[in-house]
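Student: Here's a structure for you.
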Amino acid sequence: MANDSHEKDTQPSSFRDKILRDLEEIKRQSDSKRPTGSLRANDSLHQIEEVHSEQVMTQPRVSIKLPLVADRESGSLVTRFSEDAEQEKTEKVHFPSEIDEHAAPAENQGSLEQASETAQRSSMPFDEVPVATAVVVLDESPAEPEDLTETRAIYKHSIRDRLQKTEVSQSELEDTIITSTPKQPTVNRGATTRRRHRQRKKQDSIAKRIVKVVVSTVLLLLVVTSVTGYMYLKSSLEPVNAQATENIQVEIPEGSSTKEIARILEGSNLIKNATVFNYYAKLKSYNNFQSGFYNLNQSMSVDELAKALQEGGTETAQDPISGKILVVEGSTINQIAQAVTKNVYKNSKDEKTPFTADDFLATVKNEEFIKKMAATYPKLLATMPAADSGAIYRLEGYLFPATYDYKPDTTMEGLVEQMIAAMDARLQPYYDQLAAKGLDVNQLLTLASLVEKEGATDADRRAIAGVFYNRLNAGMPLQSNIAILYAMGKLGEKTTLKEDATIDTTINSPYNIYANTGLMPGPVDSPSQAAIEATFAPNKTSYYYFVADVTTGTVYFAETGEEHEQNVEKYVNSKLNN
């Protein structure tokens, strides 16, 4: 019986020691895995011993309170004890229905619901949040009676040390759960209002900047468009090629409108834009364009082209010209010699012609050439001065003043012939009527050369021509300074009033019509069409004298010499003394 009693006493002790060993191992693994939450070491040991004391004699198993976590895979509450995957040991949890009445089941109620709420409030994974204090039930196993006291002391000491080292307070677990729960933001209405005000202000500022950028861009585009348009119009009015020398021949059909002419010019590459030419012609009132063939050049501006088209073209196509020579009305042969060297064609970059003054003078003095021209234009040159008449130039006055074109193949004789042919064409209406007036071509041109220089207007010219006829009919000398200046080689040169008033009227020359009566041997310059017309049809007056005011140019006529002297003193001499 004693042995039986001793065996009964030692069996619970051995069983308790084994429980302590298993608890120590389980606790060691659980502490290494759990980050937070546990009972204090001394309290845990005390509680374990109390639980064991209460159940050791009556129960074959022991219940211990441990933190539970939710298992993600199985969906059940489990405890984790090991830190390494290989040592991890998960013990199934006995819920209150399986736990005995001494394990305080009230503490486990609602564990799963609390774990779910904690996981939702916290940033921790659901399966890592401690949800409750689990009761782990360990099966009883017998131990050797002789090792009971020693084993109990070792495991008790070990459990106490391990729990002290891994102590985590329950308050820390609660703090962790509370901390992990997101805080609701505090609404600050004043700050929100200010923030909205700043945002609105920023948006207004951005809108203003956008408006400024858009307005500036539109204004810039308007300026650029205006400048570009002005430059384009200016360029369209300028020559297509200012350096061009070759002419382009175009034909303007009869009845062509300005728009059609513009298209012809643009098609010939003479203008840059037909629309610009059309509007420019309307703006300048250029509406009298003539039909015909024109030799135009790319170096001509829109205005020059418009003016050229108003002069009239030729009936047939003409070879392109190289330049133009201008012979001014009243020019002498010496002056024409200088004119043939100057190119007045604005489309040409060359200011000089291929002709020289010496070559021109040699040609008009060449007797073979003069005979050839006399044979070609008999009506015009039949009465020209003879070689022994004392005329300085036999062809003086027979070269009509006008503008003449020359071409690359134009010779000097050809150029002079153009001038002779032009005079012949102008006198065609008078040839048959001159004989009835008792005049020939040479007399007509000689008187006309004096009328050209003495009169400034058509009315003055007709009156002056009448005075010359009256004096000739009366046998009086013509007394014109124009002839004396020609004899002196000064006609056409600028002279002072004093030089003109004190001219030498005693010069020995067939052109001295102060000493000689009648006409000079021939003309002294190339008269204009107006001077020829005034000489052919003069005014019939009783005047024998005329003088021009040296300051105004007004011509005063007189019938007597006494009246004439008064006019000379009044309008000439008195002003020369001032």
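Chains: A, B, ... in order of the structure tokens. Residues: from 1 per chain. Ligands: from 1, in order shown.
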Need to verify the contact set: Gln418 in chain A, 12 Å, only C-alpha atoms, exclusion of same-chain residues closer than 2 positions in sequence. Can you return it as a count of residues only?

Tutor: 26

Student: As an exercise, work out the distance from CA of Asp525 in chain A to CA of Glu396 in chain A in Å and give it to one decimal place.

Tutor: 6.2 Å

Student: Can you pull out the residues contacting range 236-244 of chain A? Cut-off 9 Å, using only C-alpha atoms, and skip same-chain residues under 4 positions away; I want them as a list in words.

Tutor: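 Final neighbour list, sorted by chain and number: Met231, Tyr232, Asn269, Leu270, Ile271, Lys272, Asn273, Val276, Phe277, Tyr280, Asn297, Gln298, Ser299, Met300, Ser301, Val302, Asp303, Asn347, Ser348 and Lys349 of chain A.
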
Student: Grab the residues selected above and save them as a PDB file, in the first residue's frame with N, CA and C atoms.

Tutor:
```pdb
ATOM      1  N   MET A 231       5.006  94.191 -97.213  1.00  0.00           N
ATOM      2  CA  MET A 231       6.226  93.816 -97.918  1.00  0.00           C
ATOM      3  C   MET A 231       5.907  93.089 -99.217  1.00  0.00           C
ATOM      4  N   TYR A 232       4.843  92.258 -99.180  1.00  0.00           N
ATOM      5  CA  TYR A 232       4.475  91.535-100.394  1.00  0.00           C
ATOM      6  C   TYR A 232       3.980  92.500-101.467  1.00  0.00           C
ATOM      7  N   ASN A 269       5.911  86.681-117.408  1.00  0.00           N
ATOM      8  CA  ASN A 269       6.863  86.860-116.308  1.00  0.00           C
ATOM      9  C   ASN A 269       7.411  88.286-116.260  1.00  0.00           C
ATOM     10  N   LEU A 270       6.535  89.240-116.560  1.00  0.00           N
ATOM     11  CA  LEU A 270       6.928  90.652-116.482  1.00  0.00           C
ATOM     12  C   LEU A 270       6.461  91.299-115.180  1.00  0.00           C
ATOM     13  N   ILE A 271       5.456  90.710-114.548  1.00  0.00           N
ATOM     14  CA  ILE A 271       4.995  91.169-113.239  1.00  0.00           C
ATOM     15  C   ILE A 271       4.867  89.961-112.323  1.00  0.00           C
ATOM     16  N   LYS A 272       4.832  90.218-111.035  1.00  0.00           N
ATOM     17  CA  LYS A 272       4.777  89.133-110.058  1.00  0.00           C
ATOM     18  C   LYS A 272       3.353  88.696-109.757  1.00  0.00           C
ATOM     19  N   ASN A 273       2.412  89.632-109.819  1.00  0.00           N
ATOM     20  CA  ASN A 273       1.044  89.298-109.430  1.00  0.00           C
ATOM     21  C   ASN A 273       0.073  90.099-110.277  1.00  0.00           C
ATOM     22  N   VAL A 276      -2.390  92.400-108.202  1.00  0.00           N
ATOM     23  CA  VAL A 276      -1.769  93.645-107.746  1.00  0.00           C
ATOM     24  C   VAL A 276      -1.711  94.654-108.891  1.00  0.00           C
ATOM     25  N   PHE A 277      -1.336  94.204-110.097  1.00  0.00           N
ATOM     26  CA  PHE A 277      -1.288  95.105-111.252  1.00  0.00           C
ATOM     27  C   PHE A 277      -2.675  95.658-111.544  1.00  0.00           C
ATOM     28  N   TYR A 280      -3.616  98.191-108.868  1.00  0.00           N
ATOM     29  CA  TYR A 280      -2.738  99.366-108.959  1.00  0.00           C
ATOM     30  C   TYR A 280      -3.158 100.254-110.128  1.00  0.00           C
ATOM     31  N   ASN A 297      10.549  94.764-120.574  1.00  0.00           N
ATOM     32  CA  ASN A 297      11.681  94.164-119.892  1.00  0.00           C
ATOM     33  C   ASN A 297      11.325  93.854-118.442  1.00  0.00           C
ATOM     34  N   GLN A 298      11.935  92.793-117.894  1.00  0.00           N
ATOM     35  CA  GLN A 298      11.689  92.414-116.499  1.00  0.00           C
ATOM     36  C   GLN A 298      12.224  93.438-115.512  1.00  0.00           C
ATOM     37  N   SER A 299      13.096  94.315-115.958  1.00  0.00           N
ATOM     38  CA  SER A 299      13.624  95.343-115.063  1.00  0.00           C
ATOM     39  C   SER A 299      12.688  96.540-114.925  1.00  0.00           C
ATOM     40  N   MET A 300      11.535  96.486-115.600  1.00  0.00           N
ATOM     41  CA  MET A 300      10.564  97.566-115.507  1.00  0.00           C
ATOM     42  C   MET A 300       9.633  97.314-114.317  1.00  0.00           C
ATOM     43  N   SER A 301       9.348  98.374-113.585  1.00  0.00           N
ATOM     44  CA  SER A 301       8.414  98.273-112.466  1.00  0.00           C
ATOM     45  C   SER A 301       6.984  98.244-112.989  1.00  0.00           C
ATOM     46  N   VAL A 302       6.037  97.976-112.097  1.00  0.00           N
ATOM     47  CA  VAL A 302       4.625  97.953-112.491  1.00  0.00           C
ATOM     48  C   VAL A 302       4.199  99.310-113.043  1.00  0.00           C
ATOM     49  N   ASP A 303       4.652 100.385-112.427  1.00  0.00           N
ATOM     50  CA  ASP A 303       4.290 101.719-112.899  1.00  0.00           C
ATOM     51  C   ASP A 303       4.887 101.990-114.277  1.00  0.00           C
ATOM     52  N   ASN A 347      14.984 100.468-118.472  1.00  0.00           N
ATOM     53  CA  ASN A 347      15.093  99.038-118.211  1.00  0.00           C
ATOM     54  C   ASN A 347      16.511  98.520-118.424  1.00  0.00           C
ATOM     55  N   SER A 348      17.366  99.362-118.954  1.00  0.00           N
ATOM     56  CA  SER A 348      18.729  98.922-119.215  1.00  0.00           C
ATOM     57  C   SER A 348      19.640  99.345-118.075  1.00  0.00           C
ATOM     58  N   LYS A 349      20.567  98.449-117.729  1.00  0.00           N
ATOM     59  CA  LYS A 349      21.515  98.783-116.673  1.00  0.00           C
ATOM     60  C   LYS A 349      22.672  99.629-117.201  1.00  0.00           C
TER      61      LYS A 349
END
```

Student: CA of Ala459 in chain A and CA of Ala530 in chain A, how far apart in Å?

Tutor: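 According to the coordinates, CA of Ala530 in chain A and CA of Ala459 in chain A are separated by 10.2 Å.
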
Student: Quick one: residues within 9 Å of range 283-287 of chain A, only C-alpha atoms counted, chain neighbours fewer than 5 positions away excluded, as JSON, numbers by chain?

Tutor: {"A": [257, 258, 278, 306, 307, 310]}

Student: Restricting it to C-alpha atoms, dump the selection as a PDB file, in the first residue's frame.

Tutor:
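To be explicit, this is the file written out as selection28.pdb:
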```pdb
ATOM      1  CA  SER A 257      -9.421  94.740-120.238  1.00  0.00           C
ATOM      2  CA  THR A 258      -7.018  95.668-117.479  1.00  0.00           C
ATOM      3  CA  ASN A 278      -5.046  95.237-111.790  1.00  0.00           C
ATOM      4  CA  ALA A 306       1.616 100.667-117.119  1.00  0.00           C
ATOM      5  CA  LYS A 307       2.963 103.892-118.621  1.00  0.00           C
ATOM      6  CA  GLN A 310      -0.367 103.687-122.631  1.00  0.00           C
TER       7      GLN A 310
END
```

Student: As a count of residues only, please: all residues of range 199-384 of chain A that backbone DSSP puts in helix (DSSP H, G or I).

Tutor: 99
